[in-house]
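Student: Structure in structure tokens, see below.
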Amino acid sequence: MLRPDPYIIFFMFIFVLSAHAQAEEKLNITAKSVEGDVEIMPPNTSEWIPLITGDTFSEETQVRTGPLSSVSLDFADSSVSMVNSFTCLTVEKFFKSGNVLTTRVKLDVGSVVSTLNEGSPFKNDYKIVTPSLSTSLKGREIKKVEAGGMYKDSVNTGYRKE
């Protein structure tokens, strides 16, 4: 009886896996409007630098806002997040794989309002995580997520009109 060669089976398995693998393309986030004191800490650094309108940054960047400050973040024309005052968050992941944009925002403290842009050519996998909850963003939803400090972690959901 013929037995299949284990090397052939192994290489066929690797070939099938690689055929289905999509390359991840790291994307940048753009500060569309900045009001007041807003700073970022890029990955692999320990220094906060001022963020100004038009600046871009990558995933794994921390963002913090001071009193009476806010920033509107544009995630590759697929979603917008308004970061309110006294907020600290990290954009943990932001990449494109095929036609899917994956966004992971870790909200340590403060509040952020997010929505997906209508007419985006991408499918979105958008999640906001706080110390006690995780929520995703879909369709015409507008979500306000609050975390830590003077807030009880919470999610308020509304919908845009068609």
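We name chains A, B, ... following the order of the structure tokens; residues begin at 1 in each chain, and ligands are numbered from 1 as shown.
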Please tabulate, as a tab-separated table, the residues of segment 23-105 of chain A that come within 12 Å of segment 129-134 of chain A, each with its closest pair of atoms and the distance in Å to one decimal, counting only C-alpha atoms and ordering rows by chain, then residue number upward.

Tutor:
```
residue	atom	partner	partner_atom	distance
A:Thr87	CA	A:Thr130	CA	12.0
A:Cys88	CA	A:Thr130	CA	10.9
A:Leu89	CA	A:Thr130	CA	9.2
A:Thr90	CA	A:Val129	CA	9.9
A:Val91	CA	A:Val129	CA	10.4
A:Glu92	CA	A:Val129	CA	10.0
A:Lys93	CA	A:Val129	CA	11.8
A:Thr103	CA	A:Val129	CA	10.8
A:Arg104	CA	A:Val129	CA	7.5
A:Val105	CA	A:Val129	CA	6.2
```

Student: Can you pull out the residues contacting Tyr126 of chain A? Cut-off 8 Å, using only C-alpha atoms, and skip same-chain residues under 3 positions away; I want them as a ChimeraX atom specification.

Tutor: /A:101-104,136-138

Student: Could the residues in this selection be saved with C-alpha atoms as an mmCIF file, in the first residue's frame?

Tutor:
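The resulting file, out-v1.cif, is reproduced below:
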```cif
data_model
loop_
_atom_site.group_PDB
_atom_site.id
_atom_site.type_symbol
_atom_site.label_atom_id
_atom_site.label_comp_id
_atom_site.auth_asym_id
_atom_site.auth_seq_id
_atom_site.Cartn_x
_atom_site.Cartn_y
_atom_site.Cartn_z
ATOM 1 C CA LEU A 101 -9.994 47.867 7.895
ATOM 2 C CA THR A 102 -9.228 46.711 11.424
ATOM 3 C CA THR A 103 -9.270 49.344 14.167
ATOM 4 C CA ARG A 104 -8.680 48.742 17.885
ATOM 5 C CA SER A 136 -17.902 47.371 18.146
ATOM 6 C CA LEU A 137 -19.076 49.998 15.687
ATOM 7 C CA LYS A 138 -21.358 49.076 12.787
#
```

Student: If you run DSSP on the backbone, which residues of chain A are strand (DSSP E or B), as an MDAnalysis selection string?

Tutor: chainID A and resid 24:26 29:35 38:41 49:50 56:57 61:65 70:75 79:83 88:97 100:116 123:129 134:137 141:147 154:159

Student: Counting only C-alpha atoms, what is within 12 Å of Glu59 of chain A, bar same-chain residues fewer than 2 positions away, as an NGL selection string?

Tutor: :A and (25-30 or 40-44 or 56-57 or 61-63 or 75 or 89-96 or 102-106)

Student: Mind dumping the selected residues with N, CA and C atoms as an mmCIF file, in the first residue's frame?

Tutor:
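What landed in result_12.cif:
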```cif
data_model
loop_
_atom_site.group_PDB
_atom_site.id
_atom_site.type_symbol
_atom_site.label_atom_id
_atom_site.label_comp_id
_atom_site.auth_asym_id
_atom_site.auth_seq_id
_atom_site.Cartn_x
_atom_site.Cartn_y
_atom_site.Cartn_z
ATOM 1 N N GLU A 25 -1.549 45.921 5.639
ATOM 2 C CA GLU A 25 -0.986 47.218 5.282
ATOM 3 C C GLU A 25 -1.273 48.186 6.429
ATOM 4 N N LYS A 26 -0.222 48.603 7.125
ATOM 5 C CA LYS A 26 -0.373 49.556 8.225
ATOM 6 C C LYS A 26 -0.815 50.897 7.653
ATOM 7 N N LEU A 27 -1.761 51.545 8.319
ATOM 8 C CA LEU A 27 -2.286 52.823 7.868
ATOM 9 C C LEU A 27 -2.058 53.898 8.919
ATOM 10 N N ASN A 28 -2.137 55.148 8.511
ATOM 11 C CA ASN A 28 -1.962 56.262 9.432
ATOM 12 C C ASN A 28 -3.287 56.897 9.791
ATOM 13 N N ILE A 29 -3.330 57.477 10.967
ATOM 14 C CA ILE A 29 -4.475 58.218 11.464
ATOM 15 C C ILE A 29 -4.138 59.695 11.301
ATOM 16 N N THR A 30 -5.125 60.518 10.891
ATOM 17 C CA THR A 30 -4.908 61.946 10.670
ATOM 18 C C THR A 30 -5.690 62.757 11.695
ATOM 19 N N ILE A 40 0.586 63.388 21.704
ATOM 20 C CA ILE A 40 0.717 61.966 21.373
ATOM 21 C C ILE A 40 2.063 61.452 21.879
ATOM 22 N N MET A 41 2.089 60.158 22.168
ATOM 23 C CA MET A 41 3.335 59.469 22.475
ATOM 24 C C MET A 41 3.472 58.350 21.448
ATOM 25 N N PRO A 42 4.356 58.553 20.437
ATOM 26 C CA PRO A 42 4.533 57.522 19.404
ATOM 27 C C PRO A 42 5.061 56.216 20.000
ATOM 28 N N PRO A 43 4.918 55.116 19.264
ATOM 29 C CA PRO A 43 5.409 53.831 19.761
ATOM 30 C C PRO A 43 6.907 53.859 20.031
ATOM 31 N N ASN A 44 7.309 53.106 21.022
ATOM 32 C CA ASN A 44 8.718 52.939 21.392
ATOM 33 C C ASN A 44 9.384 54.240 21.835
ATOM 34 N N THR A 56 -0.142 63.249 11.168
ATOM 35 C CA THR A 56 -0.524 61.846 11.071
ATOM 36 C C THR A 56 0.314 61.041 12.045
ATOM 37 N N PHE A 57 -0.232 59.900 12.453
ATOM 38 C CA PHE A 57 0.510 58.996 13.323
ATOM 39 C C PHE A 57 0.045 57.571 13.067
ATOM 40 N N THR A 61 0.114 54.263 19.032
ATOM 41 C CA THR A 61 0.367 55.615 19.517
ATOM 42 C C THR A 61 -0.669 55.966 20.574
ATOM 43 N N GLN A 62 -0.198 56.582 21.662
ATOM 44 C CA GLN A 62 -1.097 57.061 22.706
ATOM 45 C C GLN A 62 -1.499 58.503 22.399
ATOM 46 N N VAL A 63 -2.729 58.844 22.739
ATOM 47 C CA VAL A 63 -3.248 60.196 22.534
ATOM 48 C C VAL A 63 -3.835 60.661 23.859
ATOM 49 N N PHE A 75 -9.717 58.039 10.494
ATOM 50 C CA PHE A 75 -9.104 56.738 10.266
ATOM 51 C C PHE A 75 -9.279 56.354 8.798
ATOM 52 N N LEU A 89 -6.103 57.623 25.436
ATOM 53 C CA LEU A 89 -6.398 56.400 24.697
ATOM 54 C C LEU A 89 -5.177 55.963 23.912
ATOM 55 N N THR A 90 -5.212 54.737 23.440
ATOM 56 C CA THR A 90 -4.167 54.196 22.579
ATOM 57 C C THR A 90 -4.820 53.598 21.341
ATOM 58 N N VAL A 91 -4.334 53.989 20.162
ATOM 59 C CA VAL A 91 -4.752 53.326 18.929
ATOM 60 C C VAL A 91 -3.865 52.094 18.823
ATOM 61 N N GLU A 92 -4.384 50.958 19.285
ATOM 62 C CA GLU A 92 -3.565 49.749 19.359
ATOM 63 C C GLU A 92 -3.312 49.121 17.999
ATOM 64 N N LYS A 93 -4.340 49.104 17.149
ATOM 65 C CA LYS A 93 -4.185 48.515 15.818
ATOM 66 C C LYS A 93 -4.954 49.358 14.811
ATOM 67 N N PHE A 94 -4.360 49.526 13.640
ATOM 68 C CA PHE A 94 -5.050 50.158 12.522
ATOM 69 C C PHE A 94 -4.356 49.716 11.250
ATOM 70 N N PHE A 95 -4.988 48.766 10.558
ATOM 71 C CA PHE A 95 -4.392 48.221 9.340
ATOM 72 C C PHE A 95 -5.486 47.744 8.391
ATOM 73 N N LYS A 96 -5.085 47.575 7.132
ATOM 74 C CA LYS A 96 -5.969 47.058 6.091
ATOM 75 C C LYS A 96 -5.455 45.700 5.661
ATOM 76 N N THR A 102 -9.142 47.120 10.029
ATOM 77 C CA THR A 102 -9.228 46.711 11.424
ATOM 78 C C THR A 102 -8.745 47.859 12.297
ATOM 79 N N THR A 103 -9.590 48.250 13.247
ATOM 80 C CA THR A 103 -9.270 49.344 14.167
ATOM 81 C C THR A 103 -9.522 48.867 15.586
ATOM 82 N N ARG A 104 -8.536 49.055 16.467
ATOM 83 C CA ARG A 104 -8.680 48.742 17.885
ATOM 84 C C ARG A 104 -8.230 49.973 18.671
ATOM 85 N N VAL A 105 -9.160 50.523 19.441
ATOM 86 C CA VAL A 105 -8.868 51.688 20.266
ATOM 87 C C VAL A 105 -9.040 51.273 21.723
ATOM 88 N N LYS A 106 -7.999 51.480 22.523
ATOM 89 C CA LYS A 106 -8.056 51.194 23.961
ATOM 90 C C LYS A 106 -8.264 52.521 24.677
#
```

Student: Applying 10 Å and only C-alpha atoms, which residues near Arg64 of chain A remain after dropping the ones on its own chain fewer than 5 positions away? List them as a ChimeraX atom specification.

Tutor: /A:37-41,48,50-51,69-71,83-90,108-110

Student: Mind writing the picked residues with C-alpha atoms as a PDB file, in the first residue's frame?

Tutor:
```pdb
ATOM      1  CA  ASP A  37      -3.704  70.853  24.414  1.00  0.00           C
ATOM      2  CA  VAL A  38      -3.503  67.504  22.632  1.00  0.00           C
ATOM      3  CA  GLU A  39      -0.395  65.317  22.744  1.00  0.00           C
ATOM      4  CA  ILE A  40       0.717  61.966  21.373  1.00  0.00           C
ATOM      5  CA  MET A  41       3.335  59.469  22.475  1.00  0.00           C
ATOM      6  CA  TRP A  48       4.767  63.339  24.734  1.00  0.00           C
ATOM      7  CA  PRO A  50       2.098  68.222  20.705  1.00  0.00           C
ATOM      8  CA  LEU A  51      -0.388  67.148  18.038  1.00  0.00           C
ATOM      9  CA  SER A  69      -9.306  70.234  24.562  1.00  0.00           C
ATOM     10  CA  SER A  70     -10.410  67.827  21.851  1.00  0.00           C
ATOM     11  CA  VAL A  71      -9.232  66.195  18.658  1.00  0.00           C
ATOM     12  CA  VAL A  83     -11.741  62.570  21.497  1.00  0.00           C
ATOM     13  CA  ASN A  84     -13.021  64.795  24.308  1.00  0.00           C
ATOM     14  CA  SER A  85     -11.112  66.627  27.049  1.00  0.00           C
ATOM     15  CA  PHE A  86      -9.303  64.751  29.826  1.00  0.00           C
ATOM     16  CA  THR A  87      -9.055  61.606  27.702  1.00  0.00           C
ATOM     17  CA  CYS A  88      -6.207  59.138  27.326  1.00  0.00           C
ATOM     18  CA  LEU A  89      -6.398  56.400  24.697  1.00  0.00           C
ATOM     19  CA  THR A  90      -4.167  54.196  22.579  1.00  0.00           C
ATOM     20  CA  ASP A 108      -8.062  54.219  29.397  1.00  0.00           C
ATOM     21  CA  VAL A 109      -9.962  57.225  30.709  1.00  0.00           C
ATOM     22  CA  GLY A 110     -12.260  59.903  29.276  1.00  0.00           C
TER      23      GLY A 110
END
```

Student: Out of A:Ser78, A:Ser114, A:Lys127, A:Leu107, which residue has the shortest atom-to-atom distance to Glu146 of chain A when counting only C-alpha atoms?

Tutor: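 That would be A:Leu107, the residue with the smallest distance to Glu146 of chain A.
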
Student: For Gly158 of chain A, please output as a PyMOL selection string all residues within 8 Å (counting only C-alpha atoms; exclusion window: fewer than 4 positions along the same chain).

Tutor: chain A and resi 141-143
